[in-house]
Amino acid sequence: VEVAERLHQVDPAPVLAAAAKSGIEASKLMAHRHIEVVAANLGAFGDRRTDEALAWMTENEPAQLDAPSIIHGDLWPANVLMRRGRLTGLVDWTMAGIGDPALDLGFACAGLALMPAPLPPPSPIRQGIHAAGTNLAQRVREQYLHRVQITAERIEFYEALRCLVELSGVLSYRHRSNSDGAESRRPPWDKGVNALVGHFMNITGVPIAID
């Protein structure tokens with residue numbers, strides 16, 4: 001929570017200026033790109049089983065903020081560099097962008113609440129890890145909401161979006177494998193589809209049928 005709060009207070013103007021200098025359009029940096037990727041991946045299959053999920057995402061996207069933040073998109077301990085108890089940096093910026101800070105919290109809370117998916121150990125260890133992850137996700141939400149003026153609904157939207165990001169990646173992988181038989185890297189969440197579908201439905205009430 002402390003790392004997220006510090007990151008979200010950083011002025012994004014230098015990032016946008018550096019991007020413009022390199023010929024990168026600001027729209028390419030916006031966090032909305034995650035929604036665009038999901039819509040493109042799921043829409044490409046013309047699958048009615050995901051139509052309701054896409055409609056929910058479109059109807060419930062939070063309004064854009066007047067003052068967007070730098071967001072990381074994958075804040076978890078392995079991506080946080082520390083030295084002698086001090087934050088020294090963040091790594092793995094592939095999901096980063098400029099936009100709603102609630103995305104960082106939503107994406108992180110979804111990952112915690114879904115633990116130990118996508119690679120669960122045998123029972124009863126699985127239940128213990130899941131209970132711990134769910135508890136930690138709730139504590140993260142509460143602490144951040146206590147520090148920053150942001151709504152729980154915004155965080156929940158991005159939790160649901162994180163599920164759709166991973167599901168769309170799995171569907172894209174399966175579609176490529178089935179259509180051309182080409183070898184491609186199997187996404188980890190191919191083994192956690194049921195967990196993603198369940199968490200998305202718990203938040204939205206929208207069912208998704210994935211083979």
# chains A, B, ... in the order shown; residues from 1 in each chain; ligands from 1
>>> select_by_dssp(residues="region 75-180 of chain A", states="strand (DSSP E)", output="ChimeraX atom specification")
/A:80-83,86-90,97-99
>>> residues_around(residues="region 58-69 of chain A", least_positions_apart="4", cutoff="12 Å", atoms="only C-alpha atoms", output="PyMOL selection string")
chain A and resi 4-16+29-32+34-36+38-39+51-54+73+96-104+150-161+203-204
>>> select_by_dssp(residues="chain A", states="helix (DSSP H, G or I)", output="MDAnalysis selection string")
chainID A and resid 2:8 13:21 26:28 33:44 48:60 77:79 102:113 125:147 152:180 188:191 193:204
>>> atom_distance(atom1="CA of Ile71 (chain A)", atom2="CA of Ala108 (chain A)")
11.7 Å
>>> residues_around(residues="region 75-81 of chain A", least_positions_apart="5", cutoff="12 Å", atoms="only C-alpha atoms", output="PyMOL selection string")
chain A and resi 1-5+7+86-96+101-112+137+140
>>> residues_around(residues="His130 (chain A)", least_positions_apart="2", cutoff="12 Å", atoms="only C-alpha atoms", output="ChimeraX atom specification")
/A:110-128,132-137,195
>>> write_last_selection(atoms="N, CA and C atoms", output="JSON list (two decimals), in the first residue's frame")
[["chain", "number", "residue", "atom", "x", "y", "z"],
["A", 110, "ALA", "N", -6.95, -8.61, -6.84],
["A", 110, "ALA", "CA", -7.42, -9.80, -7.55],
["A", 110, "ALA", "C", -6.39, -10.92, -7.45],
["A", 111, "GLY", "N", -5.13, -10.58, -7.66],
["A", 111, "GLY", "CA", -4.08, -11.59, -7.57],
["A", 111, "GLY", "C", -4.01, -12.21, -6.19],
["A", 112, "LEU", "N", -4.16, -11.37, -5.15],
["A", 112, "LEU", "CA", -4.11, -11.89, -3.78],
["A", 112, "LEU", "C", -5.33, -12.75, -3.47],
["A", 113, "ALA", "N", -6.51, -12.28, -3.86],
["A", 113, "ALA", "CA", -7.75, -13.00, -3.55],
["A", 113, "ALA", "C", -7.83, -14.33, -4.28],
["A", 114, "LEU", "N", -7.12, -14.46, -5.40],
["A", 114, "LEU", "CA", -7.16, -15.70, -6.19],
["A", 114, "LEU", "C", -6.07, -16.69, -5.76],
["A", 115, "MET", "N", -5.18, -16.28, -4.86],
["A", 115, "MET", "CA", -4.13, -17.20, -4.42],
["A", 115, "MET", "C", -4.73, -18.51, -3.92],
["A", 116, "PRO", "N", -4.08, -19.66, -4.17],
["A", 116, "PRO", "CA", -2.79, -19.84, -4.85],
["A", 116, "PRO", "C", -2.90, -20.07, -6.36],
["A", 117, "ALA", "N", -4.08, -19.80, -6.96],
["A", 117, "ALA", "CA", -4.18, -19.88, -8.42],
["A", 117, "ALA", "C", -3.18, -18.90, -9.03],
["A", 118, "PRO", "N", -2.65, -19.23, -10.21],
["A", 118, "PRO", "CA", -3.10, -20.26, -11.15],
["A", 118, "PRO", "C", -2.43, -21.62, -10.99],
["A", 119, "LEU", "N", -1.53, -21.75, -10.02],
["A", 119, "LEU", "CA", -0.82, -23.01, -9.86],
["A", 119, "LEU", "C", -1.02, -23.53, -8.44],
["A", 120, "PRO", "N", -2.24, -23.97, -8.12],
["A", 120, "PRO", "CA", -2.55, -24.33, -6.74],
["A", 120, "PRO", "C", -1.88, -25.63, -6.29],
["A", 121, "PRO", "N", -1.43, -25.67, -5.03],
["A", 121, "PRO", "CA", -0.90, -26.91, -4.46],
["A", 121, "PRO", "C", -2.06, -27.81, -4.03],
["A", 122, "PRO", "N", -1.78, -29.01, -3.55],
["A", 122, "PRO", "CA", -2.86, -29.91, -3.12],
["A", 122, "PRO", "C", -3.58, -29.37, -1.89],
["A", 123, "SER", "N", -4.81, -29.87, -1.68],
["A", 123, "SER", "CA", -5.52, -29.56, -0.44],
["A", 123, "SER", "C", -4.81, -30.28, 0.70],
["A", 124, "PRO", "N", -4.87, -29.83, 1.98],
["A", 124, "PRO", "CA", -5.57, -28.62, 2.44],
["A", 124, "PRO", "C", -4.70, -27.36, 2.37],
["A", 125, "ILE", "N", -3.49, -27.48, 1.84],
["A", 125, "ILE", "CA", -2.62, -26.31, 1.74],
["A", 125, "ILE", "C", -3.30, -25.23, 0.90],
["A", 126, "ARG", "N", -3.98, -25.65, -0.16],
["A", 126, "ARG", "CA", -4.64, -24.71, -1.06],
["A", 126, "ARG", "C", -5.63, -23.82, -0.30],
["A", 127, "GLN", "N", -6.46, -24.44, 0.57],
["A", 127, "GLN", "CA", -7.46, -23.67, 1.30],
["A", 127, "GLN", "C", -6.80, -22.66, 2.25],
["A", 128, "GLY", "N", -5.70, -23.06, 2.88],
["A", 128, "GLY", "CA", -5.02, -22.15, 3.80],
["A", 128, "GLY", "C", -4.43, -20.95, 3.09],
["A", 132, "ALA", "N", -5.58, -16.97, 3.39],
["A", 132, "ALA", "CA", -4.61, -15.92, 3.71],
["A", 132, "ALA", "C", -4.61, -14.83, 2.64],
["A", 133, "GLY", "N", -4.68, -15.24, 1.37],
["A", 133, "GLY", "CA", -4.68, -14.27, 0.28],
["A", 133, "GLY", "C", -5.92, -13.40, 0.30],
["A", 134, "THR", "N", -7.08, -14.01, 0.56],
["A", 134, "THR", "CA", -8.33, -13.26, 0.62],
["A", 134, "THR", "C", -8.29, -12.23, 1.75],
["A", 135, "ASN", "N", -7.76, -12.66, 2.90],
["A", 135, "ASN", "CA", -7.64, -11.75, 4.04],
["A", 135, "ASN", "C", -6.70, -10.59, 3.73],
["A", 136, "LEU", "N", -5.58, -10.90, 3.09],
["A", 136, "LEU", "CA", -4.61, -9.86, 2.75],
["A", 136, "LEU", "C", -5.19, -8.88, 1.74],
["A", 137, "ALA", "N", -5.93, -9.38, 0.76],
["A", 137, "ALA", "CA", -6.57, -8.50, -0.22],
["A", 137, "ALA", "C", -7.52, -7.52, 0.46],
["A", 195, "ALA", "N", -10.86, -20.24, -11.41],
["A", 195, "ALA", "CA", -10.70, -19.24, -10.35],
["A", 195, "ALA", "C", -11.01, -17.85, -10.87]]
>>> closest_residue(among="A:Ala44, A:Ala26, A:Ala17, A:Val193", to="Leu167 (chain A)", atoms="only C-alpha atoms")
A:Val193
>>> closest_residue(among="A:Ser22, A:Ile70, A:Cys163, A:Tyr144", to="His199 (chain A)", atoms="only C-alpha atoms")
A:Cys163
>>> atom_distance(atom1="CA of Gln138 (chain A)", atom2="CA of Ile208 (chain A)")
24.4 Å
